[in-house]
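Asker: Attaching a single structure in structure tokens format; questions to follow.
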Amino acid sequence: MLYFDNAATTKISQKSLDRYIEASEYFFNPSSLYAPATKSKKLIEDARAYFIKYFKGRAGSTFIFTGSASESNNSVLSACITRKDKKYIFSAGEHSSIYETAKYYKELGYNIIFVPLNKNGSINEELLYKELDDSVAFISIIHVSNETGAINDIASISKKIKGYNPNITIHSDGVQAVGKFDFNLNKLNVDYYTISAHKINGPKGVGALYIANKDKFKPLIHGGGQEMNLRAGTENLSGILAFRQALEDLEIHDYSEHKQAIIYNLSGEYVLVSDDNCVDNIISVCFKGVRGETIQHMLEAKGIIIGTGSACNSKIKINRVLDSIVPKEYIEGAVRLSFGGDIGVDDCKNVAISLSDCVSEYIGRIKK
Amino acid sequence: MNNVILIRFSEIHLKGGNKKYFLKLLYNNIKSALKDFSCKIENIQNRLLVREYEDEDTIIDTLKCVFGVHSISKAVEIDNNVDIIRDYVGDIRIDNTFKCDVNRADKSFPIRSNDFAADLGELILNNNPNAKVDIHNPKTIVHVDIRETGKTYIFYDVIYAYSGLPLGENRDGLLLLSGGIDSPVAGFCMAKRGLRQDLLHFDSFPYTSPQAKEKVIDLAKTIRKFIGTKYMYICSMTKLQEEFHIHCNTEYAINLLRRSMIRVANILCEKYKYKTIITGESLGQVASQTIESLTTTNAVAEYPVLRPLISFNKEEIISIAKDIGTFNISILPYEDCCTVFLPDNPIIKPKTKDSEKEEAKINLQELINFVVENIEVIRLDD
């Protein structure tokens, strides 16, 4: 099987899985006071320190471990969206765990603004800066688009925003950015940053949130005081240690040749959404006259798993990110190729050829 | 004194010479429905009893799904003896309005029904200072059912089931099951009249998703307990739909597809001895369910096509779907038919002649044979 849907999730690595199983047998509640429990607690604190060091967090910053990146994102919005006289700005390309939550706050009467996207799915910075005024309290911009792979230059954006008003809180969802290129949180100059384990060959069910200044953060989940009183709930020791293992093993690959192999071998009528300003291993392409979901099923029958941009289904809404940047007649034919690990250039080439063949077969089968 | 579950049946007593046959069917169907429970089933005069059971409420929920069961009561069984009955009723605690309802099937019982009801009512009044008789709208009814078997059954609540006729021994019906709301309800309605059915589902992979098929299998598993399904046939119509799409008038796409579905059903009926085809059509609901559309699909049917929902409104169908547990599965988003094959303006008043003309544009028989040869059969009774 050729798995080309790494943006959806990745396969857990053997080392991360081993760590998970090993830690699962170490069952003591980290909040208890006997010695074995204290050891659990220490392992979590070591992991936290590792995360801060790995991402080069600002002095005084921390990470809290959560149940998912969606929880991290919801926690940030819950802590930051507090006043109806303030303005809260989001890119239109946010992941649904931000986008839908922001829409929820909008329904509650908060001033929520979505900034439109460029053709590759990155935020239109010009329009973003036009929104800046004294009432802006919070801005959230996805680091790498899960749909198109577009990179938002968070460091440069933060610099401009903080230059305008250093009190504006900035969050970035970095779920798709971790492991794709080198960056550090100090340089990004964000107040919050969301990451997830299962996108970097770690386990499902564990995410983390970088918090630059924990005094400003208010928990979403209240309870037993875990995670420095910032996120209640018995700590997921196995998940956290397996997450750390995945991070320790993370390698940044150069996939530029892979991307070229794919682009070179695509054929038919299509729009390539992912351009040079996108990560190399998320490629969004929209074919004319076909349905992404049908192509997905056809490829699956050949042992190739890819993602779709929208479903062949009238009850599921059209992809909101692509809808705003891709011509209408191409939207239904949106597919996403995302890969990782030691996938070969030839694999990428073969997938692109098979994909193009399927598109051509599809069109042939229903052509009048 | 024994705790028992008392089962009353519907219609069977009207069946004259066939009563024994229907009763046996019902007994067997109940036995089969309760096969995973530890209990005993007993046939007494005009009633069935479940005794020596553990999981009373689950057994009752299961019995409610057996057609031919009219109602169910949790009862105690005691001897037909005036003193024993009075002793039992004397211990009953009632704090509100009540009445006693005595049914004296055992004519040798020495006190007439009305007299005994009055006697027991007085006993309850004497022992319960807050109890009051209300014969029109009582909070509690104390039922005393004195049977010819020498046993009396005392119970309060009557839990109603779906009534109807017991499912037959043979799987006589072939239900065309889609992933929508209507067809599972149609199967349920026909099963209520005793028609045991197998299922035929049409998919169009890769234009539809594997989840659409999984959804229909979930529906099948949900209605199986009602309709007695053993086999589900899954027929891919992809090749046919592609040919219709390419060669035929797009307005006729659904009409031609439905005629083909009936043709596939004909072949399965012939091969596996089904006697009738059941569909979830409701008159006028969509373009393919106008009287003209039904006429053109009927024109190719070689077996009676039963359409139990033909006069139902959508709300009525939804209400049954919710009741039998299929609604929440049916509304999952995975559709049976990709929009690529759905015409913008489907023909509302097709003519059989025109449908035939469209079909003549392709090699229909060969395609029907092809899709039938590739039918996947799933056995559901494991």
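Starting from 1 in every chain, residues are counted up; chains themselves are A, B, ... following the order of the structure tokens, and ligands are numbered from 1 as listed.
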Give the strand (DSSP E or B) residues of segment 191-330 of chain B, as DSSP finds them on the backbone, and put them as number ranges by chain.

Answerer: B: 193, 197-203, 231-236, 276-278, 305-306

Asker: Show me, as a short mmCIF file (atom, residue, chain, number, x, y, z; two decimals) with N, CA, C and O atoms, in the first residue's frame, the residues that have an atom within 8 Å of Ala117 of chain B when counting only C-alpha atoms, minus same-chain residues fewer than 5 positions from it.

Answerer:
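As written to disk, result-v7.cif reads:
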data_model
loop_
_atom_site.label_atom_id
_atom_site.label_comp_id
_atom_site.auth_asym_id
_atom_site.auth_seq_id
_atom_site.Cartn_x
_atom_site.Cartn_y
_atom_site.Cartn_z
N CYS B 100 -60.32 -2.98 39.56
CA CYS B 100 -59.98 -4.38 39.35
C CYS B 100 -60.68 -4.87 38.10
O CYS B 100 -61.84 -4.56 37.87
N ASP B 101 -59.92 -5.59 37.27
CA ASP B 101 -60.47 -6.10 36.02
C ASP B 101 -60.31 -7.61 36.04
O ASP B 101 -59.20 -8.12 35.95
N VAL B 102 -61.44 -8.32 36.20
CA VAL B 102 -61.35 -9.78 36.31
C VAL B 102 -61.81 -10.41 35.01
O VAL B 102 -62.85 -10.04 34.46
#

Asker: Name the closest residue to chain A among the candidates B:Leu306, B:Cys248, B:Ile7, B:Leu200; distances are taken between atoms, counting only C-alpha atoms.

Answerer: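 That would be B:Cys248, the residue with the smallest distance to chain A.
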
Asker: Would you give me, as a VMD selection string, the residues of chain B that come within 6 Å of chain A, using only C-alpha atoms?

Answerer: chain B and resid 206 to 207 242 246 333

Asker: Excluding segment 242-256 of chain A and residues on its chain fewer than 3 positions from it, collect all residues at most 9 Å away from it, counting only C-alpha atoms, and give them as an MDAnalysis selection string.

Answerer: chainID A and resid 12:13 15:21 23 47:48 50:51 54 178:182 196:198 200:203 206:207 237:239 259:261 279:281 340:342 345

Asker: Keeping only N, CA and C atoms, write those residues as a CSV table (one decimal), in the first residue's frame.

Answerer:
chain,number,residue,atom,x,y,z
A,12,ILE,N,2.1,5.4,13.5
A,12,ILE,CA,2.9,5.5,14.7
A,12,ILE,C,4.2,4.8,14.4
A,13,SER,N,5.3,5.4,14.8
A,13,SER,CA,6.6,4.7,14.6
A,13,SER,C,6.7,3.6,15.7
A,15,LYS,N,9.2,2.9,17.6
A,15,LYS,CA,9.8,3.4,18.8
A,15,LYS,C,8.8,4.1,19.7
A,16,SER,N,7.9,4.9,19.0
A,16,SER,CA,6.9,5.6,19.8
A,16,SER,C,5.9,4.6,20.3
A,17,LEU,N,5.5,3.6,19.5
A,17,LEU,CA,4.6,2.6,20.0
A,17,LEU,C,5.2,1.8,21.2
A,18,ASP,N,6.4,1.4,21.1
A,18,ASP,CA,7.1,0.7,22.2
A,18,ASP,C,7.1,1.5,23.4
A,19,ARG,N,7.3,2.8,23.3
A,19,ARG,CA,7.4,3.7,24.4
A,19,ARG,C,6.0,3.8,25.0
A,20,TYR,N,5.0,3.9,24.2
A,20,TYR,CA,3.6,4.0,24.6
A,20,TYR,C,3.2,2.7,25.5
A,21,ILE,N,3.6,1.6,24.9
A,21,ILE,CA,3.2,0.3,25.6
A,21,ILE,C,3.9,0.2,26.9
A,23,ALA,N,5.1,2.6,28.8
A,23,ALA,CA,4.6,3.6,29.7
A,23,ALA,C,3.2,3.2,30.2
A,47,ALA,N,9.5,15.5,30.0
A,47,ALA,CA,9.0,15.7,28.6
A,47,ALA,C,8.7,17.1,28.3
A,48,ARG,N,8.1,17.8,29.3
A,48,ARG,CA,7.7,19.2,29.1
A,48,ARG,C,9.0,20.0,28.9
A,50,TYR,N,11.7,19.0,27.7
A,50,TYR,CA,12.2,18.6,26.4
A,50,TYR,C,11.5,19.4,25.3
A,51,PHE,N,10.2,19.5,25.4
A,51,PHE,CA,9.4,20.2,24.4
A,51,PHE,C,9.8,21.7,24.3
A,54,TYR,N,13.2,21.8,22.7
A,54,TYR,CA,13.2,21.4,21.3
A,54,TYR,C,12.6,22.6,20.5
A,178,VAL,N,5.2,21.1,12.1
A,178,VAL,CA,6.2,20.4,12.9
A,178,VAL,C,6.8,19.3,12.0
A,179,GLY,N,8.1,19.3,11.9
A,179,GLY,CA,8.8,18.3,11.1
A,179,GLY,C,9.0,18.6,9.6
A,180,LYS,N,8.3,19.7,9.2
A,180,LYS,CA,8.4,20.0,7.8
A,180,LYS,C,9.6,20.9,7.5
A,181,PHE,N,9.9,21.8,8.4
A,181,PHE,CA,11.1,22.7,8.2
A,181,PHE,C,11.5,23.2,9.6
A,182,ASP,N,12.7,23.8,9.7
A,182,ASP,CA,13.2,24.2,10.9
A,182,ASP,C,12.6,25.5,11.4
A,196,SER,N,0.6,18.5,17.5
A,196,SER,CA,-0.1,17.2,17.7
A,196,SER,C,0.8,16.1,17.5
A,197,ALA,N,0.6,15.0,18.2
A,197,ALA,CA,1.5,13.8,18.2
A,197,ALA,C,1.3,13.0,16.9
A,198,HIS,N,0.0,12.8,16.6
A,198,HIS,CA,-0.3,11.8,15.5
A,198,HIS,C,0.1,12.3,14.1
A,200,ILE,N,3.1,13.4,13.5
A,200,ILE,CA,4.6,13.2,13.4
A,200,ILE,C,5.0,11.8,13.9
A,201,ASN,N,4.1,10.8,13.5
A,201,ASN,CA,4.4,9.4,13.8
A,201,ASN,C,4.3,9.1,15.3
A,202,GLY,N,3.5,9.9,16.0
A,202,GLY,CA,3.3,9.6,17.4
A,202,GLY,C,1.8,9.0,17.5
A,203,PRO,N,1.4,8.9,18.8
A,203,PRO,CA,0.0,8.3,19.0
A,203,PRO,C,-1.1,9.3,18.8
A,206,VAL,N,-3.2,12.7,21.8
A,206,VAL,CA,-2.3,13.6,22.6
A,206,VAL,C,-1.9,14.8,21.7
A,207,GLY,N,-2.1,16.0,22.3
A,207,GLY,CA,-1.6,17.2,21.6
A,207,GLY,C,-0.9,18.0,22.7
A,237,LEU,N,0.2,9.7,30.6
A,237,LEU,CA,1.7,9.5,30.6
A,237,LEU,C,2.1,8.8,29.3
A,238,SER,N,1.4,7.7,28.9
A,238,SER,CA,1.9,6.9,27.8
A,238,SER,C,1.9,7.8,26.5
A,239,GLY,N,0.8,8.6,26.4
A,239,GLY,CA,0.7,9.4,25.2
A,239,GLY,C,1.8,10.5,25.2
A,259,LYS,N,8.2,16.3,-4.8
A,259,LYS,CA,7.2,17.2,-5.2
A,259,LYS,C,7.3,17.4,-6.7
A,260,GLN,N,8.5,17.6,-7.2
A,260,GLN,CA,8.7,17.8,-8.6
A,260,GLN,C,8.3,16.5,-9.4
A,261,ALA,N,8.6,15.4,-8.9
A,261,ALA,CA,8.2,14.1,-9.5
A,261,ALA,C,6.7,14.0,-9.7
A,279,VAL,N,4.7,23.6,1.7
A,279,VAL,CA,5.6,22.6,2.1
A,279,VAL,C,5.6,21.5,1.0
A,280,ASP,N,6.7,20.8,0.8
A,280,ASP,CA,6.9,19.9,-0.3
A,280,ASP,C,6.0,18.7,-0.3
A,281,ASN,N,5.6,18.3,1.0
A,281,ASN,CA,4.9,17.0,1.1
A,281,ASN,C,3.4,17.1,1.3
A,340,GLY,N,5.3,11.2,3.7
A,340,GLY,CA,6.3,11.4,4.7
A,340,GLY,C,7.2,10.2,4.8
A,341,GLY,N,8.0,10.2,5.9
A,341,GLY,CA,9.0,9.1,6.1
A,341,GLY,C,9.9,8.9,4.9
A,342,ASP,N,10.3,7.6,4.6
A,342,ASP,CA,11.3,7.5,3.6
A,342,ASP,C,10.7,7.1,2.3
A,345,VAL,N,11.2,8.8,-4.4
A,345,VAL,CA,10.8,9.6,-5.5
A,345,VAL,C,10.0,8.8,-6.6

Asker: Would you kindly return, as a tab-separated table (two decimals) with C-alpha atoms, in the first residue's frame, each protein, DNA or RNA residue with an atom no farther than 9 Å from any atom of Ser40 of chain A, considering only C-alpha atoms and excluding same-chain residues fewer than 2 positions away?

Answerer:
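Result went into out_22.tsv, see below:
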chain	number	residue	atom	x	y	z
A	23	ALA	CA	4.60	3.59	29.74
A	26	TYR	CA	3.59	2.13	34.42
A	27	PHE	CA	0.12	2.91	35.62
A	28	PHE	CA	0.58	5.11	38.67
A	29	ASN	CA	-1.36	8.34	38.78
A	30	PRO	CA	1.20	11.13	38.36
A	31	SER	CA	-0.71	13.26	40.86
A	35	ALA	CA	7.25	7.19	45.01
A	36	PRO	CA	6.20	5.36	41.79
A	37	ALA	CA	3.65	8.09	41.07
A	38	THR	CA	6.23	10.77	41.69
A	42	LYS	CA	8.92	13.50	36.81
A	43	LEU	CA	8.77	11.79	33.41
A	44	ILE	CA	6.06	14.22	32.37
A	45	GLU	CA	8.02	17.22	33.61
A	237	LEU	CA	1.66	9.47	30.60

Asker: So that I can check the surroundings of Asn2 of chain B, please list as a list in words every protein, DNA and RNA residue that reaches within 7 Å of it, counting only C-alpha atoms and ignoring chain neighbours fewer than 5 positions away.

Answerer: Val76, Glu77 and Ile78 of chain B

Asker: Distance atom CA of Asp46 of chain A-atom CA of Asn236 of chain A, one decimal place?

Answerer: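 For atom CA of Asp46 of chain A relative to atom CA of Asn236 of chain A, the distance reads 14.1 Å.
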
Asker: Using only C-alpha atoms, which residues sit within 10 Å of Lys40 of chain B once same-chain residues fewer than 2 positions away are excluded, as a ChimeraX atom specification?

Answerer: /B:4,31,34,37-38,42,49-53

Asker: According to DSSP computed on the backbone, where in segment 245-307 of chain A is there alpha helix (DSSP H)? Give the residues as a PyMOL selection string.

Answerer: chain A and resi 245-248+256-265+292-301

Asker: For the atom pair atom CA of Gly284 of chain B and atom CA of Cys189 of chain B, what is the interatomic distance in Å to one decimal place?

Answerer: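 We find that atom CA of Gly284 of chain B and atom CA of Cys189 of chain B lie 19.3 Å from each other.
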
Asker: Leaving out Ile157 of chain A and any residue of its chain fewer than 5 positions from it, which residues lie within 10 Å of it when counting only C-alpha atoms, given as a PyMOL selection string?

Answerer: chain A and resi 125+128-129+141+152+162-163+170+188-190

Asker: I need the chosen residues saved as a JSON list (two decimals), in the first residue's frame, with all heavy atoms.

Answerer:
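Result written to again-v6.json:
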[["chain", "number", "residue", "atom", "x", "y", "z"],
["A", 125, "GLU", "N", -1.87, 38.76, 3.43],
["A", 125, "GLU", "CA", -1.32, 39.61, 4.50],
["A", 125, "GLU", "C", -1.77, 41.06, 4.37],
["A", 125, "GLU", "O", -1.99, 41.75, 5.37],
["A", 125, "GLU", "CB", 0.22, 39.52, 4.52],
["A", 125, "GLU", "CG", 0.69, 38.16, 5.01],
["A", 125, "GLU", "CD", 2.20, 38.08, 5.18],
["A", 125, "GLU", "OE1", 2.80, 39.08, 5.62],
["A", 125, "GLU", "OE2", 2.78, 37.03, 4.87],
["A", 128, "LEU", "N", -4.95, 41.30, 5.92],
["A", 128, "LEU", "CA", -4.78, 41.11, 7.37],
["A", 128, "LEU", "C", -4.40, 42.44, 8.03],
["A", 128, "LEU", "O", -5.03, 42.85, 9.02],
["A", 128, "LEU", "CB", -3.71, 40.05, 7.64],
["A", 128, "LEU", "CG", -3.22, 39.94, 9.09],
["A", 128, "LEU", "CD1", -4.32, 39.39, 10.00],
["A", 128, "LEU", "CD2", -1.99, 39.01, 9.18],
["A", 129, "TYR", "N", -3.40, 43.11, 7.47],
["A", 129, "TYR", "CA", -2.91, 44.33, 8.12],
["A", 129, "TYR", "C", -3.95, 45.45, 8.04],
["A", 129, "TYR", "O", -3.99, 46.33, 8.90],
["A", 129, "TYR", "CB", -1.57, 44.76, 7.52],
["A", 129, "TYR", "CG", -0.52, 43.68, 7.64],
["A", 129, "TYR", "CD1", 0.32, 43.32, 6.58],
["A", 129, "TYR", "CD2", -0.37, 42.97, 8.85],
["A", 129, "TYR", "CE1", 1.26, 42.30, 6.70],
["A", 129, "TYR", "CE2", 0.56, 41.95, 8.97],
["A", 129, "TYR", "CZ", 1.37, 41.62, 7.90],
["A", 129, "TYR", "OH", 2.29, 40.61, 8.02],
["A", 141, "ILE", "N", -3.41, 32.41, 13.19],
["A", 141, "ILE", "CA", -3.07, 32.09, 11.79],
["A", 141, "ILE", "C", -2.39, 30.73, 11.75],
["A", 141, "ILE", "O", -1.39, 30.49, 12.45],
["A", 141, "ILE", "CB", -2.13, 33.16, 11.18],
["A", 141, "ILE", "CG1", -2.84, 34.52, 11.19],
["A", 141, "ILE", "CG2", -1.74, 32.78, 9.76],
["A", 141, "ILE", "CD1", -1.92, 35.68, 10.91],
["A", 152, "ASN", "N", 2.42, 30.03, 6.06],
["A", 152, "ASN", "CA", 2.29, 31.42, 6.47],
["A", 152, "ASN", "C", 3.57, 31.81, 7.20],
["A", 152, "ASN", "O", 4.01, 31.08, 8.11],
["A", 152, "ASN", "CB", 1.06, 31.60, 7.38],
["A", 152, "ASN", "CG", -0.22, 31.53, 6.59],
["A", 152, "ASN", "OD1", -0.40, 32.23, 5.59],
["A", 152, "ASN", "ND2", -1.14, 30.65, 7.01],
["A", 162, "LYS", "N", 3.10, 42.70, 16.22],
["A", 162, "LYS", "CA", 3.61, 43.14, 17.52],
["A", 162, "LYS", "C", 4.19, 44.56, 17.41],
["A", 162, "LYS", "O", 4.18, 45.32, 18.37],
["A", 162, "LYS", "CB", 4.66, 42.16, 18.04],
["A", 162, "LYS", "CG", 4.13, 40.76, 18.36],
["A", 162, "LYS", "CD", 3.41, 40.69, 19.69],
["A", 162, "LYS", "CE", 3.02, 39.25, 20.03],
["A", 162, "LYS", "NZ", 2.19, 39.14, 21.23],
["A", 163, "GLY", "N", 4.70, 44.86, 16.21],
["A", 163, "GLY", "CA", 5.20, 46.22, 15.97],
["A", 163, "GLY", "C", 4.05, 47.22, 16.02],
["A", 163, "GLY", "O", 4.20, 48.35, 16.51],
["A", 170, "ILE", "N", -1.04, 36.48, 19.81],
["A", 170, "ILE", "CA", -0.95, 35.74, 18.56],
["A", 170, "ILE", "C", -0.89, 34.24, 18.83],
["A", 170, "ILE", "O", -0.12, 33.78, 19.67],
["A", 170, "ILE", "CB", 0.29, 36.17, 17.74],
["A", 170, "ILE", "CG1", 0.21, 37.67, 17.43],
["A", 170, "ILE", "CG2", 0.39, 35.36, 16.44],
["A", 170, "ILE", "CD1", 1.44, 38.22, 16.73],
["A", 188, "LEU", "N", 9.40, 32.83, 16.18],
["A", 188, "LEU", "CA", 8.04, 33.04, 15.65],
["A", 188, "LEU", "C", 7.33, 34.15, 16.43],
["A", 188, "LEU", "O", 6.42, 34.78, 15.92],
["A", 188, "LEU", "CB", 7.21, 31.76, 15.74],
["A", 188, "LEU", "CG", 7.57, 30.60, 14.81],
["A", 188, "LEU", "CD1", 6.47, 29.54, 14.87],
["A", 188, "LEU", "CD2", 7.79, 31.03, 13.37],
["A", 189, "ASN", "N", 7.76, 34.30, 17.70],
["A", 189, "ASN", "CA", 7.22, 35.36, 18.55],
["A", 189, "ASN", "C", 5.70, 35.27, 18.70],
["A", 189, "ASN", "O", 4.98, 36.25, 18.58],
["A", 189, "ASN", "CB", 7.63, 36.74, 17.99],
["A", 189, "ASN", "CG", 7.47, 37.82, 19.04],
["A", 189, "ASN", "OD1", 7.33, 37.52, 20.24],
["A", 189, "ASN", "ND2", 7.46, 39.08, 18.61],
["A", 190, "VAL", "N", 5.24, 34.03, 18.94],
["A", 190, "VAL", "CA", 3.79, 33.85, 19.17],
["A", 190, "VAL", "C", 3.54, 33.64, 20.66],
["A", 190, "VAL", "O", 4.44, 33.28, 21.42],
["A", 190, "VAL", "CB", 3.25, 32.63, 18.39],
["A", 190, "VAL", "CG1", 3.24, 32.89, 16.90],
["A", 190, "VAL", "CG2", 4.04, 31.36, 18.71]]

Asker: With distances taken over only C-alpha atoms, which of A:Cys348, A:Ile343, A:Ala79, A:Val175 is nearest to Asn146 of chain A?

Answerer: A:Val175

Asker: Just the number, please: distance in Å from atom CA of Gly344 of chain A to atom CA of Asn120 of chain A, one decimal.

Answerer: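 Atom CA of Asn120 of chain A lies 25.3 Å from atom CA of Gly344 of chain A.
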
Asker: Nearest residue to Ala212 of chain A out of A:Ile142, A:Cys286, A:Leu337, A:Ile64, using only C-alpha atoms?

Answerer: A:Ile64

Asker: May I ask which of the residues B:Ala287, B:Ile324, B:Val144, B:Ile262 is the closest one to Ile368 of chain B, counting only C-alpha atoms?

Answerer: B:Ile262

Asker: Rank A:Lys56, A:His95, A:Lys41, A:Lys204 by their smallest atom-to-atom distance to Arg320 of chain A, using only C-alpha atoms, and report the top residue only.

Answerer: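 When distances to Arg320 of chain A are compared using only C-alpha atoms, the smallest one comes from A:His95.
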